[in-house]
Amino acid sequence: MTKTARCILVVDDSKAILVVMQAILNELDVPHITTCLDAQEALEKVKKSPLLYDAVFTDLNMPNMDGMELIRHLGDIHYPGAIVIISEMAPKVIDLAADLARKSNAHLIGNIAKPVQLTQVHQLLQKLEHLACHTEKPSEPISEHQLLHAISHNEITPFYQPKVSRATNKVESIEVLARIITPQGTVFLPDRFICVAEHLDLINLITFQLFEKATNDFIDIKKNLGYNLKLAFNLSPCQLEDLSCPDKLALILKLNNLKPSEIILEITEQHALCSSAQLETLNRLRIRGFDISLDDFGVGFTNINQLKTLPFTEVKIDRTLISHIETDQFSQVIVSSLVNIATQGDLTIVAEGIERVEELEYLDRFKEHILMQGFLICRPKGKIELTRWAKSWLHMVSASKTRR
């Protein structure tokens, strides 16, 4: 059983489906299962204890209140868990259902076709675990004292993970990931300190320290690869509230002889970009020549059609949509829709979190339009380790071309 699947609510007007789902979830060791024949009853249960249920599995076609209405109401009450549809749906229906769910601020993560299979449910529970990585608070966050010490002692350290084109076998860009590394060799991952930094309004200090170190490393990385590529940084939506952000980033680049066109700024999709300050900063960054990436697409509330109006140059598909995509119709439809948008405009698509060969092989059908990123290709590495990986990668690519 996945570690986050603690309590599941199943809604269907068929007693037979409820019995099957109960048996499957029992087989998958889900400890707490609640079933409802009526959507209104299910909604009342969630209203009473909104944090109790990790996911709601619901049919669409039900009397009284149908599944789409239930999803809308769950969004209205800001239900934080995941939603799964139990229904055989046409691709257009899946696409529309996903968009409507996002408009309702609901986390729709997939659909299960009837008759329900254990493998389908298992895959959705794995998706639920990935979603929880974004929505659950980190365990044991570092203290304010530890964070201030790390910043003042210059312990914010960049790690790097490449985004690779399978069409050209080139590393198109490298994402910068923050780590805190103490003199004793202790490594703190971002989920231990980013939330703390945001809460204490210290996130800019971390970003600019990381930015300065990584832009300096970038010169050596480009030299080792032997061609131009881009460097990608994560920005929190709260940082976009700072209207001086574009000027600060541009100054650091100038001091390191880099151009904004060499930089991608990744903005998480978890929280909707809506304030005038955020949108102004986003536009000013784009005007200055920075590429703007929508990170974690699939866990937040950005509508696919909004991608046509917001100034993004890249969209990163979250792991929740990549996991087991070779057998997941819901994810296949969403990814296909994104690729269609990418082919209509100047938009790069990145599949992040690729961990299985089957996922990579499925995504290869879109290799002209999608960049690949994930542990299967390369784990995040320090500068020296990345350089070694890059040399090995270039050697492998060169050998592959020779064999052809």
# chains A, B, ... in the order shown; residues from 1 in each chain; ligands from 1

$ closest_atom_pairs --of "segment 55-131 of chain A" --to "segment 34-37 of chain A" --cutoff "10 Å" --atoms "only C-alpha atoms" --output "CSV"
residue,atom,partner,partner_atom,distance
A:Val56,CA,A:Thr34,CA,9.5
A:Phe57,CA,A:Thr35,CA,9.4
A:Thr58,CA,A:Cys36,CA,9.4
A:Asp59,CA,A:Leu37,CA,10.0
A:Met62,CA,A:Leu37,CA,9.0
A:Pro63,CA,A:Leu37,CA,9.9

$ select_by_dssp --residues "segment 216-395 of chain A" --states "strand (DSSP E or B)" --output "number ranges by chain"
A: 230-235, 263-268, 291-297, 314-317, 348-351, 370-372, 381

$ write_last_selection --atoms "N, CA and C atoms" --output "compact mmCIF listing (two decimals), in the first residue's frame"
# COMPACT_ATOMS: atom_id res chain seq x y z
N LYS A 230 20.38 26.04 -21.49
CA LYS A 230 19.77 26.99 -20.56
C LYS A 230 19.81 26.47 -19.14
N LEU A 231 19.71 27.41 -18.19
CA LEU A 231 19.74 27.10 -16.78
C LEU A 231 18.37 27.46 -16.20
N ALA A 232 17.76 26.52 -15.47
CA ALA A 232 16.40 26.72 -14.96
C ALA A 232 16.40 26.84 -13.44
N PHE A 233 15.71 27.87 -12.94
CA PHE A 233 15.58 28.12 -11.50
C PHE A 233 14.12 28.08 -11.08
N ASN A 234 13.87 27.64 -9.86
CA ASN A 234 12.52 27.64 -9.31
C ASN A 234 12.26 28.95 -8.58
N LEU A 235 11.10 29.53 -8.85
CA LEU A 235 10.65 30.72 -8.13
C LEU A 235 9.31 30.41 -7.48
N ILE A 263 18.24 31.83 -19.30
CA ILE A 263 17.64 31.45 -18.02
C ILE A 263 16.16 31.12 -18.17
N ILE A 264 15.74 30.00 -17.53
CA ILE A 264 14.33 29.63 -17.42
C ILE A 264 13.92 29.78 -15.95
N LEU A 265 12.83 30.48 -15.72
CA LEU A 265 12.31 30.62 -14.35
C LEU A 265 11.08 29.75 -14.21
N GLU A 266 11.14 28.76 -13.33
CA GLU A 266 10.05 27.80 -13.14
C GLU A 266 9.15 28.25 -11.99
N ILE A 267 7.87 28.46 -12.31
CA ILE A 267 6.88 28.90 -11.33
C ILE A 267 5.96 27.74 -11.02
N THR A 268 5.83 27.38 -9.74
CA THR A 268 5.00 26.23 -9.38
C THR A 268 3.54 26.48 -9.70
N ASP A 291 12.94 33.06 -20.06
CA ASP A 291 11.91 32.06 -20.35
C ASP A 291 11.15 31.78 -19.05
N ILE A 292 9.84 31.54 -19.16
CA ILE A 292 9.00 31.29 -18.00
C ILE A 292 8.36 29.92 -18.12
N SER A 293 8.57 29.09 -17.10
CA SER A 293 8.06 27.72 -17.11
C SER A 293 6.97 27.56 -16.05
N LEU A 294 5.88 26.90 -16.41
CA LEU A 294 4.83 26.53 -15.46
C LEU A 294 5.18 25.15 -14.91
N ASP A 295 5.59 25.11 -13.65
CA ASP A 295 6.06 23.87 -13.04
C ASP A 295 4.90 23.10 -12.41
N ASP A 296 5.05 21.79 -12.30
CA ASP A 296 4.09 20.93 -11.60
C ASP A 296 2.69 20.96 -12.21
N PHE A 297 2.59 21.10 -13.55
CA PHE A 297 1.27 21.12 -14.16
C PHE A 297 0.56 19.79 -13.88
N GLU A 314 7.30 27.40 -21.37
CA GLU A 314 7.51 25.99 -21.07
C GLU A 314 6.47 25.52 -20.06
N VAL A 315 6.04 24.27 -20.19
CA VAL A 315 5.14 23.65 -19.22
C VAL A 315 5.77 22.33 -18.78
N LYS A 316 5.88 22.12 -17.46
CA LYS A 316 6.42 20.87 -16.94
C LYS A 316 5.27 20.02 -16.40
N ILE A 317 5.11 18.84 -16.98
CA ILE A 317 4.03 17.93 -16.58
C ILE A 317 4.45 17.21 -15.30
N THR A 348 7.45 24.86 -24.99
CA THR A 348 8.19 23.61 -24.75
C THR A 348 7.47 22.81 -23.67
N ILE A 349 7.36 21.50 -23.85
CA ILE A 349 6.76 20.62 -22.85
C ILE A 349 7.86 19.75 -22.24
N VAL A 350 7.85 19.63 -20.91
CA VAL A 350 8.81 18.79 -20.20
C VAL A 350 8.04 17.75 -19.39
N ALA A 351 8.40 16.49 -19.55
CA ALA A 351 7.84 15.42 -18.71
C ALA A 351 8.81 15.21 -17.55
N ILE A 370 8.50 16.94 -26.59
CA ILE A 370 8.63 16.83 -25.14
C ILE A 370 10.08 16.57 -24.74
N LEU A 371 10.56 17.34 -23.74
CA LEU A 371 11.85 17.07 -23.13
C LEU A 371 11.64 16.12 -21.95
N MET A 372 12.63 15.29 -21.66
CA MET A 372 12.50 14.27 -20.64
C MET A 372 13.39 14.61 -19.43
N LYS A 381 22.44 16.18 -9.19
CA LYS A 381 23.85 15.98 -8.85
C LYS A 381 24.53 17.31 -8.58

$ closest_residue --among "A:Pro158, A:Gly81, A:Gly67, A:Pro246" --to "Thr215 of chain A" --atoms "only C-alpha atoms"
A:Pro158

$ residues_around --residues "Phe218 of chain A" --least-positions-apart "2" --cutoff "10 Å" --atoms "only C-alpha atoms" --output "PyMOL selection string"
chain A and resi 174+213-216+220-224+229-231+256+258+383

$ select_by_dssp --residues "segment 314-404 of chain A" --states "helix (DSSP H, G or I)" --output "number ranges by chain"
A: 319-322, 329-344, 357-366, 383-403

$ decode --residues "segment 131-234 of chain A" --atoms "C-alpha atoms" --output "mmCIF file, in the first residue's frame"
data_model
loop_
_atom_site.group_PDB
_atom_site.id
_atom_site.type_symbol
_atom_site.label_atom_id
_atom_site.label_comp_id
_atom_site.auth_asym_id
_atom_site.auth_seq_id
_atom_site.Cartn_x
_atom_site.Cartn_y
_atom_site.Cartn_z
ATOM 1 C CA LEU A 131 0.157 14.416 -5.082
ATOM 2 C CA ALA A 132 0.702 14.265 -1.334
ATOM 3 C CA CYS A 133 4.356 15.220 -1.874
ATOM 4 C CA HIS A 134 3.029 18.619 -2.999
ATOM 5 C CA THR A 135 0.170 19.102 -0.562
ATOM 6 C CA GLU A 136 1.394 17.641 2.722
ATOM 7 C CA LYS A 137 3.553 19.637 5.086
ATOM 8 C CA PRO A 138 7.185 18.461 5.275
ATOM 9 C CA SER A 139 8.171 16.291 8.187
ATOM 10 C CA GLU A 140 10.638 17.788 10.630
ATOM 11 C CA PRO A 141 11.282 21.188 9.013
ATOM 12 C CA ILE A 142 14.510 22.821 10.085
ATOM 13 C CA SER A 143 14.377 25.566 12.696
ATOM 14 C CA GLU A 144 14.564 29.298 12.053
ATOM 15 C CA HIS A 145 18.001 29.313 13.701
ATOM 16 C CA GLN A 146 19.264 26.519 11.417
ATOM 17 C CA LEU A 147 17.981 28.317 8.315
ATOM 18 C CA LEU A 148 19.484 31.672 9.294
ATOM 19 C CA HIS A 149 22.794 29.935 10.062
ATOM 20 C CA ALA A 150 22.772 28.190 6.663
ATOM 21 C CA ILE A 151 22.094 31.438 4.796
ATOM 22 C CA SER A 152 24.650 33.515 6.730
ATOM 23 C CA HIS A 153 27.317 30.800 6.349
ATOM 24 C CA ASN A 154 26.755 30.421 2.615
ATOM 25 C CA GLU A 155 25.532 26.801 2.860
ATOM 26 C CA ILE A 156 22.847 27.069 0.162
ATOM 27 C CA THR A 157 24.206 24.769 -2.536
ATOM 28 C CA PRO A 158 22.992 24.160 -6.107
ATOM 29 C CA PHE A 159 22.361 20.648 -7.410
ATOM 30 C CA TYR A 160 21.542 20.069 -11.070
ATOM 31 C CA GLN A 161 19.168 17.845 -13.050
ATOM 32 C CA PRO A 162 19.151 17.896 -16.879
ATOM 33 C CA LYS A 163 16.190 18.074 -19.281
ATOM 34 C CA VAL A 164 17.025 15.955 -22.320
ATOM 35 C CA SER A 165 15.684 15.883 -25.859
ATOM 36 C CA ARG A 166 15.266 12.298 -27.046
ATOM 37 C CA ALA A 167 14.938 13.622 -30.602
ATOM 38 C CA THR A 168 18.424 15.209 -30.662
ATOM 39 C CA ASN A 169 19.946 13.507 -27.580
ATOM 40 C CA LYS A 170 21.046 16.961 -26.394
ATOM 41 C CA VAL A 171 20.737 18.368 -22.890
ATOM 42 C CA GLU A 172 18.533 21.370 -23.613
ATOM 43 C CA SER A 173 18.519 22.826 -20.094
ATOM 44 C CA ILE A 174 19.552 22.057 -16.524
ATOM 45 C CA GLU A 175 17.310 22.663 -13.533
ATOM 46 C CA VAL A 176 18.917 24.114 -10.409
ATOM 47 C CA LEU A 177 17.716 22.473 -7.183
ATOM 48 C CA ALA A 178 18.480 23.904 -3.739
ATOM 49 C CA ARG A 179 20.245 21.967 -1.018
ATOM 50 C CA ILE A 180 21.657 22.990 2.346
ATOM 51 C CA ILE A 181 24.998 21.265 2.947
ATOM 52 C CA THR A 182 26.615 21.755 6.345
ATOM 53 C CA PRO A 183 30.403 21.580 6.979
ATOM 54 C CA GLN A 184 29.748 18.183 8.616
ATOM 55 C CA GLY A 185 28.310 16.902 5.323
ATOM 56 C CA THR A 186 24.640 16.857 6.359
ATOM 57 C CA VAL A 187 22.354 17.470 3.380
ATOM 58 C CA PHE A 188 18.914 19.064 3.771
ATOM 59 C CA LEU A 189 16.467 18.682 0.868
ATOM 60 C CA PRO A 190 14.130 21.557 -0.147
ATOM 61 C CA ASP A 191 11.050 20.096 1.569
ATOM 62 C CA ARG A 192 12.849 20.659 4.896
ATOM 63 C CA PHE A 193 13.494 24.383 4.446
ATOM 64 C CA ILE A 194 11.631 26.063 1.537
ATOM 65 C CA CYS A 195 8.323 26.325 3.451
ATOM 66 C CA VAL A 196 10.205 27.704 6.448
ATOM 67 C CA ALA A 197 11.940 30.276 4.235
ATOM 68 C CA GLU A 198 8.637 31.366 2.705
ATOM 69 C CA HIS A 199 7.003 31.667 6.129
ATOM 70 C CA LEU A 200 9.888 33.803 7.457
ATOM 71 C CA ASP A 201 10.116 35.859 4.245
ATOM 72 C CA LEU A 202 13.666 34.597 3.634
ATOM 73 C CA ILE A 203 13.026 32.901 0.297
ATOM 74 C CA ASN A 204 14.656 35.711 -1.709
ATOM 75 C CA LEU A 205 17.910 35.315 0.235
ATOM 76 C CA ILE A 206 17.973 31.604 -0.639
ATOM 77 C CA THR A 207 17.112 32.209 -4.290
ATOM 78 C CA PHE A 208 19.718 34.921 -4.851
ATOM 79 C CA GLN A 209 22.461 32.928 -3.091
ATOM 80 C CA LEU A 210 21.573 29.920 -5.239
ATOM 81 C CA PHE A 211 21.337 32.081 -8.364
ATOM 82 C CA GLU A 212 24.783 33.569 -7.836
ATOM 83 C CA LYS A 213 26.486 30.193 -7.285
ATOM 84 C CA ALA A 214 24.714 28.393 -10.130
ATOM 85 C CA THR A 215 25.329 31.104 -12.730
ATOM 86 C CA ASN A 216 29.007 30.927 -11.853
ATOM 87 C CA ASP A 217 28.986 27.098 -12.222
ATOM 88 C CA PHE A 218 27.103 27.401 -15.515
ATOM 89 C CA ILE A 219 30.179 28.696 -17.334
ATOM 90 C CA ASP A 220 32.072 25.455 -16.602
ATOM 91 C CA ILE A 221 29.031 23.280 -17.377
ATOM 92 C CA LYS A 222 28.625 24.850 -20.833
ATOM 93 C CA LYS A 223 32.329 24.415 -21.483
ATOM 94 C CA ASN A 224 32.131 20.692 -20.641
ATOM 95 C CA LEU A 225 29.084 20.135 -22.853
ATOM 96 C CA GLY A 226 30.522 22.160 -25.698
ATOM 97 C CA TYR A 227 27.320 23.908 -26.756
ATOM 98 C CA ASN A 228 24.794 26.453 -25.507
ATOM 99 C CA LEU A 229 21.978 25.386 -23.207
ATOM 100 C CA LYS A 230 19.773 26.985 -20.558
ATOM 101 C CA LEU A 231 19.739 27.095 -16.778
ATOM 102 C CA ALA A 232 16.396 26.718 -14.964
ATOM 103 C CA PHE A 233 15.578 28.119 -11.499
ATOM 104 C CA ASN A 234 12.522 27.644 -9.309
#
